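Just below is one structure, and these are the notes that go with it.
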Amino acid sequence: MKADPIGVLTGTHFFDGDHACCEGALAAGCRFAAGYPITPSTEIVERFAQRAPLVGGMFLQMEDELAASIAIQGAVWAGAKAFTVTSGPGFSLMMEHIGFAAMTETPCVIVNVQRGGPSTGLPTLPGQADMMQARWGSHGDYELIALAPSSPQECFDLTIHAFNLAEQYRVPVLVMMDECVGHMTEKVVIPPASEIEVAPRRYTRLPRGEYVPFHAGPDGVPEMVRAGEGYRIHVTGMTHDEQGFPAPTVEAQQKLVQRLVEKIRRNAEAIVRYEETGVEDAEVVVVAYGITARVARRAVELARQQGVRAGLLRPVVVWPFPENRIAELARRVRAFVVAEMNLGQIALEVERCSAGNAPTVLVPHGGGAVHHPEEILEVILAQARTEEVLR
Amino acid sequence: MSQIEIQLGGLGGQGVVLAGMTLGRGLALYEELHVSLTQSFGPEARGSACNVQIIAARAPIFYPYLERPDILVTLSQGAFRRFAPGLKDGGLLLFEEELVKAEPLPNGVRAYGVPATRLAEELGRKMVMNMVVLGFFTAVTGLLRPESARRAVSESVPRGTEALNLAAFEKGYTCGLERLTAGTREGIRVCSSPISGRS
Amino acid sequence: MSAPVEAPLAANPVEAVLRSFRMPHIWCPGCGIGTTVNCFARALEQSKLNLDKVVVVSGIGCSGRVAGYLDLDSFHTTHGRAIPFATGMKIANPKLTVVVYSGDGDLVGIGGNHFIHAARRNLDLKVICINNFTYGMTGGQMGPTTPVSALSSTTPFGCFEPGFNLPHLAESAGAVYVARWTTYHVRQLAHTMGEMLRKNGFSFLEIISPCPTLYGQRNRLGDGLAMMKHFKQQSVLRHGAPTKEVGIELQGPIAVGKFVDIERPSFLDVMNEQLGRTLEAEYAGCVKDHVPD
């Protein structure tokens with residue numbers, strides 16, 4: 001279905017990533033946000049607080065991030081689309097509720113404008129060191145979806161996409177921004193509402209009695225209802241049966257957790273999204289995401305100017321990871337160079353997926369600033385040369 | 001790469017960020033350029049050093065940070081001290097002449113001063129000094145058409161203050177044209193089509 | 001042949017509000033939680049509310065299981081976070097009657113921060129707290145309401161920190177309705193719950209409830225029946241009592257009654273008034289009006 005025009009600020013804007021993200025949420029139909037102020041994400045909810053009452057929405061400032069990350073889920077079960085935004089320390093506090101959303105299949109969006117960590121770290125400066133936490137941060141087995149925008153325009157586009165994926169698969173979807181894209185200002189084009197596709201909630205048409213709340217369809221995703229419509233549902237974070245009631249048994253656990261994981265794994269090819277530049281003939285492929293992908297793109301250009309066939313693979317959806325594509329490329333490229341603003345996270349994933357068929361070389365960065373293109377260039381050139389020597 | 005790098009520096013509270021946002025908006029939306037604007041500011045809201053960095057280019061911008069600015073605008077002595085040494089050889093310096101003593105000037109840099117605070121005070125509101133500077137910038141650099149800048153000013157300033165800010169812009173613009181034609185300093189190269197000719 | 005005459009089974013009068021198919025429940029013999037659920041079911045029946053619009057939200061712990069046994073839309077959330085979940089739900093759909101039903105450890109221990117802020121906001125939530133002075137489900141540890149000198153598995157030599165006086169906490173934080181009864185007071189409980197269902201604003205009911213298994217026996221208060229007798233003997237009816245005077249000590253008197261019942265504009269009233277006055281015609285109303293059907 002198309003976006004409700006009331007929430008769509010159609011036009012050409014000069015926005016930073018935080019403001020663009022807020023407009024993406026509004027365009028996607030989000031009408032409830034809860035949050036706790038934390039740099040560098042605060043501008044998103046400040047804008048939401050300003051805009052929401054004009055379009056039938058509401059921002060609620062909560063007492064902490066635990067509250068924010070569960071308040072949105074209450075709003076979702078009341079029928080709203082909802083999100084919360086945070087950064088490092090707040091993201092850590094939200095972990096339990098990411099798990100609750102995964103377990104209860106509550107569609108919601110959590111934005112993390114990453115800053116340097118650990119702990120309080122660098123409140124005003126960027127990092128990309130929460131990528132593994134995004135994937136594994138809550139306890140237990142589960143799968144979710146995480147996106148990594150690399151420009152304000154993508155902060156808008158991918159926030160809409162995040163809401164759509166959340167509805168389609170009934171999972172928490174993380175928008176893993178970073179301080180750079182959050183605070184960088186660029187042109188952002190917001191199309192007319194009629195050109196914005198939004199996913200409706202997958203409400204059941206079955207009457208009470210026939211409706212089985214956690215019985216999944218062929219794609220592994222059950223249909224939903226909301227509170228107040230007479231279905232008298234039960235939703236619990238405990239291991240539950242298809243009716244939704246606690247079922248603390250080995251069989252129920254296996255069945256439920258398997259489905260929660262497989263609804264993403266089996267649909268991974270449809271969810272995965274990446275962008276390639278110059279990969280067709282590349283001997284060295286740089287893998288980078290978010291703001292670092294732009295720096296890497298520059299490095300790849302410089303390498304090409306020096307006659308090295310370099311390419312860039314930019315995961316737009318980071319989780320699930322484009323593992324098939326990496327595995328495929330591993331069989332023909334000389335090396336992967338992974339540039340990220342951390343000391344080695346997605347590099348581990350590239351290494352895993354390449355299964356020993358091509359080496360993975362990390363260009364780490366402790367955070368606080370992006371790499372300089374030269375840093376990545378040097379490693380690209382070194383890889384190109386090393387391989388020649390070995391031959 | 002055809003791109004131009006601009007840096008604006010001053011103290012928090014001087015309106016540096018708003019001036020930068022307005023300039024970026026004019027370049028991005030009304031000159032059809034690719035523009036990336038980044039900013040840094042200290043933890044204090046007022047009185048700390050702040051600066052805005054803008055890259056404008058004909059092609060998409062990947063690396064969004066400045067290497068060495070082509071144009072530096074300084075509204076405080078601290079910003080001058082900190083950023084002037086980074087200015088590109090042959091670059092352009094614009095400065096608030098009553099707040100900044102532009103010495104020593106790096107090699108080959110051409111400098112233009114504007115009495116922005118005084119011109120703003122003539123309008124009764126010292127706080128529109130930033131828009132005076134923007135007008136001055138528009139006239140001296142020719143990077144964007146004055147109508148693009150005016151449109152950006154109207155859209156960027158708080159509602160109800162458009163006339164005042166536009167008046168400030170005009171004061172700075174006029175001053176810029178005067179200083180350019182005064183002949184006391186050599187004319188500026190970055191003019192009608194400044195970007196296409198650069199490498 | 002005439003049909004055999006069967007004596008009609010005595011139906012549980014509140015069966016319609018319960019998920020009988022979920023019985024037997026998990027609570028121990030002598031536990032007071034089931035009693036409170038019965039009272040709540042009666043209050044619901046008598047309220048004449050459309051029960052499709054009544055939601056119950058629980059946290060974690062023995063009392064957190066209440067949600068699963070009531071035939072309402074029910075949400076069994078995370079430990080301590082029933083109130084913020086309920087907050088999001090109520091704001092997103094103000095037409096729902098949202099009841100938070102949980103225990104002392106959940107609501108004012110791990111969830112204490114949410115409790116005081118929800119009371120401050122005066123959002124229209126009905127918060128029912130089963131206070132059994134201990135963490136029952138995890139084996140009887142001391143908690144935020146355990147009285148000084150009480151024995152628990154983590155205070156084996158007697159508790160040496162004071163417990164919360166919950167009515168005082170609730171009133172101080174801004175609750176507009178505060179009452180306390182024990183599980184002995186079943187009619188009063190149902191009556192108070194009924195009043196809460198009609199009250200607009202943050203209302204709070206503390207129910208002193210026996211946990212004979214893990215608190216009563218350890219503290220020489222006896223089994224469930226003995227604890228009920230204890231409650232009966234120790235209860236002192238003090239409607240309108242200043243809440244700072246109603247703290248509970250081990251083996252001491254238990255003040256019961258309705259302590260607070262005042263009017264104060266609720267969160268949603270203030271929000272709508274403020275936004276309406278500031279934004280005038282631009283104010284697009286609450287979230288629910290825009291939730292697509």
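Chain identifiers are assigned as A, B, and so on, following the order in which chains appear in the structure tokens; residues are numbered from 1 within each chain, and ligands are numbered from 1 in order of appearance.
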Excluding Asp73 in chain C and any residue of its chain fewer than 6 positions from it, enumerate the residues within 8 Å of it, using only C-alpha atoms, and give them as a PyMOL selection string.
(chain A and resi 227-228+230-234) or (chain C and resi 52+54-56)
Can you write out the residues you just picked, keeping N, CA and C atoms, as a tab-separated table (two decimals), in the first residue's frame?
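Writing the result to part_6.tsv gives the following:
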chain	number	residue	atom	x	y	z
A	227	ALA	N	-4.57	-5.43	20.39
A	227	ALA	CA	-5.38	-5.44	21.61
A	227	ALA	C	-6.67	-4.67	21.38
A	228	GLY	N	-7.73	-5.13	22.03
A	228	GLY	CA	-8.97	-4.36	22.02
A	228	GLY	C	-9.97	-4.79	20.98
A	230	GLY	N	-11.21	-8.09	20.70
A	230	GLY	CA	-11.99	-9.26	21.08
A	230	GLY	C	-11.31	-10.59	20.86
A	231	TYR	N	-10.09	-10.58	20.44
A	231	TYR	CA	-9.40	-11.87	20.23
A	231	TYR	C	-8.91	-12.47	21.53
A	232	ARG	N	-8.76	-11.62	22.54
A	232	ARG	CA	-8.30	-12.08	23.87
A	232	ARG	C	-7.01	-12.89	23.74
A	233	ILE	N	-6.03	-12.30	23.14
A	233	ILE	CA	-4.77	-13.00	22.92
A	233	ILE	C	-3.89	-12.96	24.16
A	234	HIS	N	-2.94	-13.86	24.18
A	234	HIS	CA	-1.91	-13.81	25.22
A	234	HIS	C	-0.55	-13.74	24.54
C	52	ASP	N	-13.62	-6.75	25.93
C	52	ASP	CA	-12.74	-6.76	24.76
C	52	ASP	C	-11.77	-5.56	24.79
C	54	VAL	N	-10.49	-4.31	27.63
C	54	VAL	CA	-9.70	-4.31	28.86
C	54	VAL	C	-8.45	-5.17	28.63
C	55	VAL	N	-7.31	-4.60	28.95
C	55	VAL	CA	-6.05	-5.29	28.72
C	55	VAL	C	-5.34	-5.47	30.05
C	56	VAL	N	-4.74	-6.62	30.26
C	56	VAL	CA	-3.94	-6.80	31.47
C	56	VAL	C	-2.49	-7.05	31.07
Once you count only C-alpha atoms, which residues of chain A turn out to be within 8 Å of chain B? Could you give them as a ChimeraX atom specification?
/A:12-14,180,183-187,294-295,297-298,373
File of the preceding selection, C-alpha atoms, as an mmCIF file, in the first residue's frame:
data_model
loop_
_atom_site.group_PDB
_atom_site.id
_atom_site.type_symbol
_atom_site.label_atom_id
_atom_site.label_comp_id
_atom_site.auth_asym_id
_atom_site.auth_seq_id
_atom_site.Cartn_x
_atom_site.Cartn_y
_atom_site.Cartn_z
ATOM 1 C CA THR A 12 13.817 18.480 -1.829
ATOM 2 C CA HIS A 13 15.446 19.135 1.500
ATOM 3 C CA PHE A 14 18.816 19.853 3.012
ATOM 4 C CA CYS A 180 28.774 10.758 10.690
ATOM 5 C CA HIS A 183 25.054 14.638 11.597
ATOM 6 C CA MET A 184 26.097 15.020 7.978
ATOM 7 C CA THR A 185 23.842 17.282 5.928
ATOM 8 C CA GLU A 186 23.078 16.630 2.283
ATOM 9 C CA LYS A 187 20.284 16.896 -0.194
ATOM 10 C CA ARG A 294 31.927 6.148 1.124
ATOM 11 C CA VAL A 295 35.513 6.478 2.237
ATOM 12 C CA ARG A 297 34.581 4.075 -2.496
ATOM 13 C CA ARG A 298 37.073 6.922 -2.752
ATOM 14 C CA PRO A 373 40.942 7.002 2.039
#
Show me, as a PyMOL selection string, the residues of chain C whose atoms get within 7 Å of chain A, using only C-alpha atoms for the distance check. chain C and resi 52-54+68+71-78+81+84-89+92-93+96+114+117+282-287+290-291
_Applying 6 Å and only C-alpha atoms, which residues near Gly10 in chain B remain after dropping the ones on its own chain fewer than 2 positions away? List them as a PyMOL selection string._
chain B and resi 49-50+74-76+79
Okay, now the selection with N, CA and C atoms, as a PDB file, in the first residue's frame?
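Ended up saving to selection03.pdb:
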ATOM      1  N   ALA B  49      34.420  26.758  20.530  1.00  0.00           N
ATOM      2  CA  ALA B  49      34.785  26.794  19.114  1.00  0.00           C
ATOM      3  C   ALA B  49      33.825  25.914  18.318  1.00  0.00           C
ATOM      4  N   CYS B  50      33.416  26.386  17.169  1.00  0.00           N
ATOM      5  CA  CYS B  50      32.609  25.528  16.315  1.00  0.00           C
ATOM      6  C   CYS B  50      32.986  25.773  14.866  1.00  0.00           C
ATOM      7  N   THR B  74      36.387  33.023   8.794  1.00  0.00           N
ATOM      8  CA  THR B  74      36.609  33.004  10.245  1.00  0.00           C
ATOM      9  C   THR B  74      35.916  34.186  10.893  1.00  0.00           C
ATOM     10  N   LEU B  75      35.219  33.883  11.967  1.00  0.00           N
ATOM     11  CA  LEU B  75      34.496  34.916  12.705  1.00  0.00           C
ATOM     12  C   LEU B  75      35.090  35.128  14.086  1.00  0.00           C
ATOM     13  N   SER B  76      36.140  34.425  14.405  1.00  0.00           N
ATOM     14  CA  SER B  76      36.803  34.636  15.697  1.00  0.00           C
ATOM     15  C   SER B  76      38.298  34.451  15.513  1.00  0.00           C
ATOM     16  N   ALA B  79      39.345  30.849  15.704  1.00  0.00           N
ATOM     17  CA  ALA B  79      39.107  30.078  14.482  1.00  0.00           C
ATOM     18  C   ALA B  79      40.173  30.399  13.439  1.00  0.00           C
TER      19      ALA B  79
END
**Request:** Taking the DSSP assignment computed from this structure's backbone, write out as a PyMOL selection string all residues of range 109-176 of chain C that belong to alpha helix (DSSP H).
**Result:** chain C and resi 112-121+166-173
Shell of 10 Å around Val17 in chain C, only C-alpha atoms, local chain residues under 4 positions omitted, as a CSV table (one decimal) with N, CA and C atoms, in the first residue's frame:
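Output file part.csv is given in full below:
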chain,number,residue,atom,x,y,z
C,13,PRO,N,-18.6,-18.6,39.4
C,13,PRO,CA,-19.3,-17.4,38.9
C,13,PRO,C,-18.4,-16.5,38.1
C,37,VAL,N,-7.0,-12.7,42.0
C,37,VAL,CA,-7.5,-12.9,40.6
C,37,VAL,C,-9.0,-13.0,40.6
C,38,ASN,N,-9.5,-13.8,41.6
C,38,ASN,CA,-10.9,-14.0,41.8
C,38,ASN,C,-11.6,-12.7,42.0
C,40,PHE,N,-10.5,-9.8,41.2
C,40,PHE,CA,-10.4,-8.9,40.0
C,40,PHE,C,-11.5,-9.4,39.0
C,41,ALA,N,-11.6,-10.7,38.9
C,41,ALA,CA,-12.6,-11.2,37.9
C,41,ALA,C,-14.0,-10.7,38.3
C,42,ARG,N,-14.3,-10.7,39.6
C,42,ARG,CA,-15.6,-10.2,40.1
C,42,ARG,C,-15.8,-8.7,39.8
C,44,LEU,N,-14.3,-7.1,37.4
C,44,LEU,CA,-14.6,-6.9,36.0
C,44,LEU,C,-16.0,-7.2,35.6
C,45,GLU,N,-16.5,-8.3,36.2
C,45,GLU,CA,-17.9,-8.7,35.8
C,45,GLU,C,-18.9,-7.6,36.3
C,51,LEU,N,-15.3,-6.1,28.0
C,51,LEU,CA,-14.0,-6.8,28.3
C,51,LEU,C,-13.1,-6.9,27.1
C,69,TYR,N,-3.9,-16.1,33.0
C,69,TYR,CA,-5.1,-16.8,33.5
C,69,TYR,C,-6.4,-16.0,33.3
C,70,LEU,N,-6.3,-14.8,32.9
C,70,LEU,CA,-7.4,-13.9,32.7
C,70,LEU,C,-7.8,-13.9,31.2
C,71,ASP,N,-9.1,-14.1,30.9
C,71,ASP,CA,-9.5,-14.2,29.5
C,71,ASP,C,-9.7,-12.8,29.0
C,72,LEU,N,-8.6,-12.1,28.9
C,72,LEU,CA,-8.5,-10.7,28.3
C,72,LEU,C,-7.4,-10.7,27.3
Quick check for you: according to DSSP on this backbone, which residues of range 1-202 of chain A are classed as strand (DSSP E or B)? Reply as JSON, numbers by chain. {"A": [2, 11, 12, 13, 14, 15, 16, 30, 31, 32, 33, 34, 35, 58, 59, 60, 61, 81, 82, 83, 84, 85, 86, 108, 109, 110, 111, 112, 113, 114, 115, 116, 122, 123, 124, 125, 126, 145, 146, 147, 172, 173, 174, 175, 176, 177, 178, 185, 186, 187, 188, 189, 190, 197]}
Taking N, CA and C atoms for each residue, export the selection above as a short mmCIF file (atom, residue, chain, number, x, y, z; two decimals), in the first residue's frame.
data_model
loop_
_atom_site.label_atom_id
_atom_site.label_comp_id
_atom_site.auth_asym_id
_atom_site.auth_seq_id
_atom_site.Cartn_x
_atom_site.Cartn_y
_atom_site.Cartn_z
N LYS A 2 0.27 2.39 -0.34
CA LYS A 2 1.06 3.63 -0.43
C LYS A 2 1.05 4.38 0.89
N GLY A 11 9.33 16.74 -1.14
CA GLY A 11 10.10 17.90 -1.57
C GLY A 11 11.58 17.60 -1.54
N THR A 12 12.36 18.62 -1.85
CA THR A 12 13.82 18.48 -1.83
C THR A 12 14.33 19.25 -0.62
N HIS A 13 15.05 18.55 0.22
CA HIS A 13 15.45 19.13 1.50
C HIS A 13 16.96 19.09 1.67
N PHE A 14 17.41 19.88 2.62
CA PHE A 14 18.82 19.85 3.01
C PHE A 14 18.82 19.39 4.46
N PHE A 15 18.93 18.08 4.64
CA PHE A 15 18.74 17.45 5.95
C PHE A 15 20.00 16.73 6.40
N ASP A 16 20.17 16.66 7.69
CA ASP A 16 21.17 15.71 8.17
C ASP A 16 20.50 14.34 8.33
N CYS A 30 4.90 5.57 10.89
CA CYS A 30 5.18 5.51 12.33
C CYS A 30 4.49 6.69 13.01
N ARG A 31 3.72 6.38 14.05
CA ARG A 31 3.00 7.45 14.74
C ARG A 31 3.28 7.44 16.24
N PHE A 32 4.20 6.62 16.66
CA PHE A 32 4.56 6.62 18.08
C PHE A 32 6.06 6.41 18.20
N ALA A 33 6.68 7.28 18.96
CA ALA A 33 8.09 7.10 19.27
C ALA A 33 8.27 7.31 20.75
N ALA A 34 9.12 6.51 21.34
CA ALA A 34 9.50 6.70 22.73
C ALA A 34 11.00 6.72 22.75
N GLY A 35 11.57 7.54 23.59
CA GLY A 35 13.03 7.60 23.61
C GLY A 35 13.55 8.25 24.85
N MET A 58 2.77 10.89 18.21
CA MET A 58 3.08 11.27 19.59
C MET A 58 4.47 10.80 19.93
N PHE A 59 5.25 11.69 20.53
CA PHE A 59 6.54 11.28 21.10
C PHE A 59 6.44 11.28 22.61
N LEU A 60 6.92 10.23 23.21
CA LEU A 60 6.92 10.15 24.66
C LEU A 60 8.35 9.99 25.14
N GLN A 61 8.77 10.95 25.96
CA GLN A 61 10.11 10.82 26.53
C GLN A 61 10.03 9.95 27.76
N LYS A 81 2.40 1.89 14.46
CA LYS A 81 3.78 1.61 14.08
C LYS A 81 4.65 2.49 14.97
N ALA A 82 5.72 1.92 15.49
CA ALA A 82 6.47 2.65 16.50
C ALA A 82 7.96 2.37 16.39
N PHE A 83 8.73 3.36 16.86
CA PHE A 83 10.18 3.16 16.90
C PHE A 83 10.81 3.90 18.06
N THR A 84 12.05 3.52 18.35
CA THR A 84 12.84 4.25 19.32
C THR A 84 14.22 4.46 18.73
N VAL A 85 14.91 5.45 19.24
CA VAL A 85 16.25 5.75 18.72
C VAL A 85 17.20 5.90 19.89
N THR A 86 18.45 5.55 19.65
CA THR A 86 19.42 5.61 20.74
C THR A 86 20.83 5.60 20.20
N CYS A 108 8.90 -3.76 15.08
CA CYS A 108 9.28 -2.44 15.56
C CYS A 108 10.66 -2.09 15.01
N VAL A 109 11.00 -0.83 15.10
CA VAL A 109 12.26 -0.35 14.55
C VAL A 109 13.07 0.32 15.66
N ILE A 110 14.34 -0.02 15.73
CA ILE A 110 15.24 0.60 16.69
C ILE A 110 16.41 1.19 15.92
N VAL A 111 16.62 2.47 16.10
CA VAL A 111 17.70 3.16 15.40
C VAL A 111 18.85 3.35 16.37
N ASN A 112 20.04 2.96 15.96
CA ASN A 112 21.24 3.19 16.76
C ASN A 112 22.18 4.09 15.97
N VAL A 113 22.30 5.33 16.42
CA VAL A 113 23.27 6.24 15.79
C VAL A 113 24.59 5.99 16.54
N GLN A 114 25.43 5.16 15.93
CA GLN A 114 26.59 4.64 16.65
C GLN A 114 27.63 5.72 16.93
N ARG A 115 28.17 5.64 18.14
CA ARG A 115 29.25 6.52 18.56
C ARG A 115 30.38 5.65 19.09
N GLY A 116 31.50 6.29 19.39
CA GLY A 116 32.63 5.51 19.89
C GLY A 116 32.34 4.92 21.25
N LEU A 122 32.87 7.97 23.22
CA LEU A 122 32.94 9.26 22.54
C LEU A 122 31.53 9.71 22.15
N PRO A 123 30.88 10.45 23.04
CA PRO A 123 29.46 10.76 22.79
C PRO A 123 29.18 11.51 21.48
N THR A 124 30.12 12.34 21.05
CA THR A 124 29.81 13.17 19.88
C THR A 124 30.52 12.69 18.62
N LEU A 125 31.23 11.58 18.74
CA LEU A 125 32.03 11.14 17.59
C LEU A 125 31.65 9.73 17.17
N PRO A 126 31.90 9.41 15.90
CA PRO A 126 31.34 8.19 15.33
C PRO A 126 32.05 6.90 15.71
N ILE A 145 16.93 -8.16 11.59
CA ILE A 145 17.41 -7.50 10.38
C ILE A 145 18.07 -6.19 10.79
N ALA A 146 19.23 -5.90 10.18
CA ALA A 146 19.91 -4.63 10.46
C ALA A 146 20.34 -3.98 9.16
N LEU A 147 20.10 -2.69 9.06
CA LEU A 147 20.43 -1.92 7.87
C LEU A 147 21.51 -0.89 8.21
N PRO A 172 12.14 -7.26 15.11
CA PRO A 172 12.74 -5.94 15.32
C PRO A 172 13.73 -5.68 14.20
N VAL A 173 13.69 -4.49 13.64
CA VAL A 173 14.65 -4.12 12.59
C VAL A 173 15.49 -2.97 13.12
N LEU A 174 16.79 -3.12 12.98
CA LEU A 174 17.73 -2.12 13.49
C LEU A 174 18.24 -1.27 12.34
N VAL A 175 18.23 0.04 12.53
CA VAL A 175 18.86 0.93 11.57
C VAL A 175 20.16 1.38 12.21
N MET A 176 21.25 0.82 11.71
CA MET A 176 22.57 1.06 12.32
C MET A 176 23.25 2.25 11.63
N MET A 177 22.84 3.43 12.07
CA MET A 177 23.50 4.64 11.56
C MET A 177 24.82 4.82 12.31
N ASP A 178 25.49 5.92 12.04
CA ASP A 178 26.64 6.30 12.86
C ASP A 178 26.61 7.81 12.96
N THR A 185 24.99 16.69 6.62
CA THR A 185 23.84 17.28 5.93
C THR A 185 24.04 17.23 4.42
N GLU A 186 23.03 16.72 3.75
CA GLU A 186 23.08 16.63 2.28
C GLU A 186 21.66 16.81 1.73
N LYS A 187 21.60 16.81 0.44
CA LYS A 187 20.28 16.90 -0.19
C LYS A 187 19.51 15.59 0.05
N VAL A 188 18.26 15.74 0.43
CA VAL A 188 17.41 14.57 0.64
C VAL A 188 16.11 14.79 -0.13
N VAL A 189 15.84 13.88 -1.03
CA VAL A 189 14.62 14.00 -1.83
C VAL A 189 13.55 13.09 -1.24
N ILE A 190 12.44 13.70 -0.87
CA ILE A 190 11.30 12.92 -0.38
C ILE A 190 10.24 12.91 -1.47
N GLU A 197 6.15 3.08 -1.04
CA GLU A 197 5.47 1.83 -0.71
C GLU A 197 5.64 1.57 0.79
#
Requested in this report: Find the spatial neighbours of Ala43 in chain C, counting only C-alpha atoms, within a cut-off of 8 Å - ignore same-chain residues fewer than 3 positions away - and output them as a PyMOL selection string.
Outcome: chain C and resi 39-40+46-47+190-191+193-194
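Counting from CA of Lys229 in chain C, the distance to CA of Tyr184 in chain C is 8.1 Å.
In this structure, CA of Leu205 in chain C sits 16.4 Å away from CA of Pro144 in chain C.
Counting only C-alpha atoms, the residue from C:Gly140, C:Ser266, C:Asn12, C:Asp261 that sits nearest to Pro212 in chain C is C:Gly140.
Across the model, the gap from CA of Ala101 in chain A to CA of Gly117 in chain A is 25.0 Å.
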All residues 8 Å or closer to range 20-33 of chain C, only C-alpha atoms, same chain fewer than 2 positions away omitted, as a list in words:
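Listing them by chain and then by number gives Glu15, Leu18, Thr35, Thr36, Val37, Cys62, Ser63, Val66, Gly68, Tyr69, Ile130, Thr183, Ser209, Pro210, Cys211, Pro212, Thr213, Asp223, Gly224 and Leu225 of chain C.
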Can you pull out every residue within 8 Å of Ile6 in chain B, counting only C-alpha atoms, but drop anything in the same chain fewer than 2 positions away, and send it as a ChimeraX atom specification?
/B:4,8,53-55,66,69-73
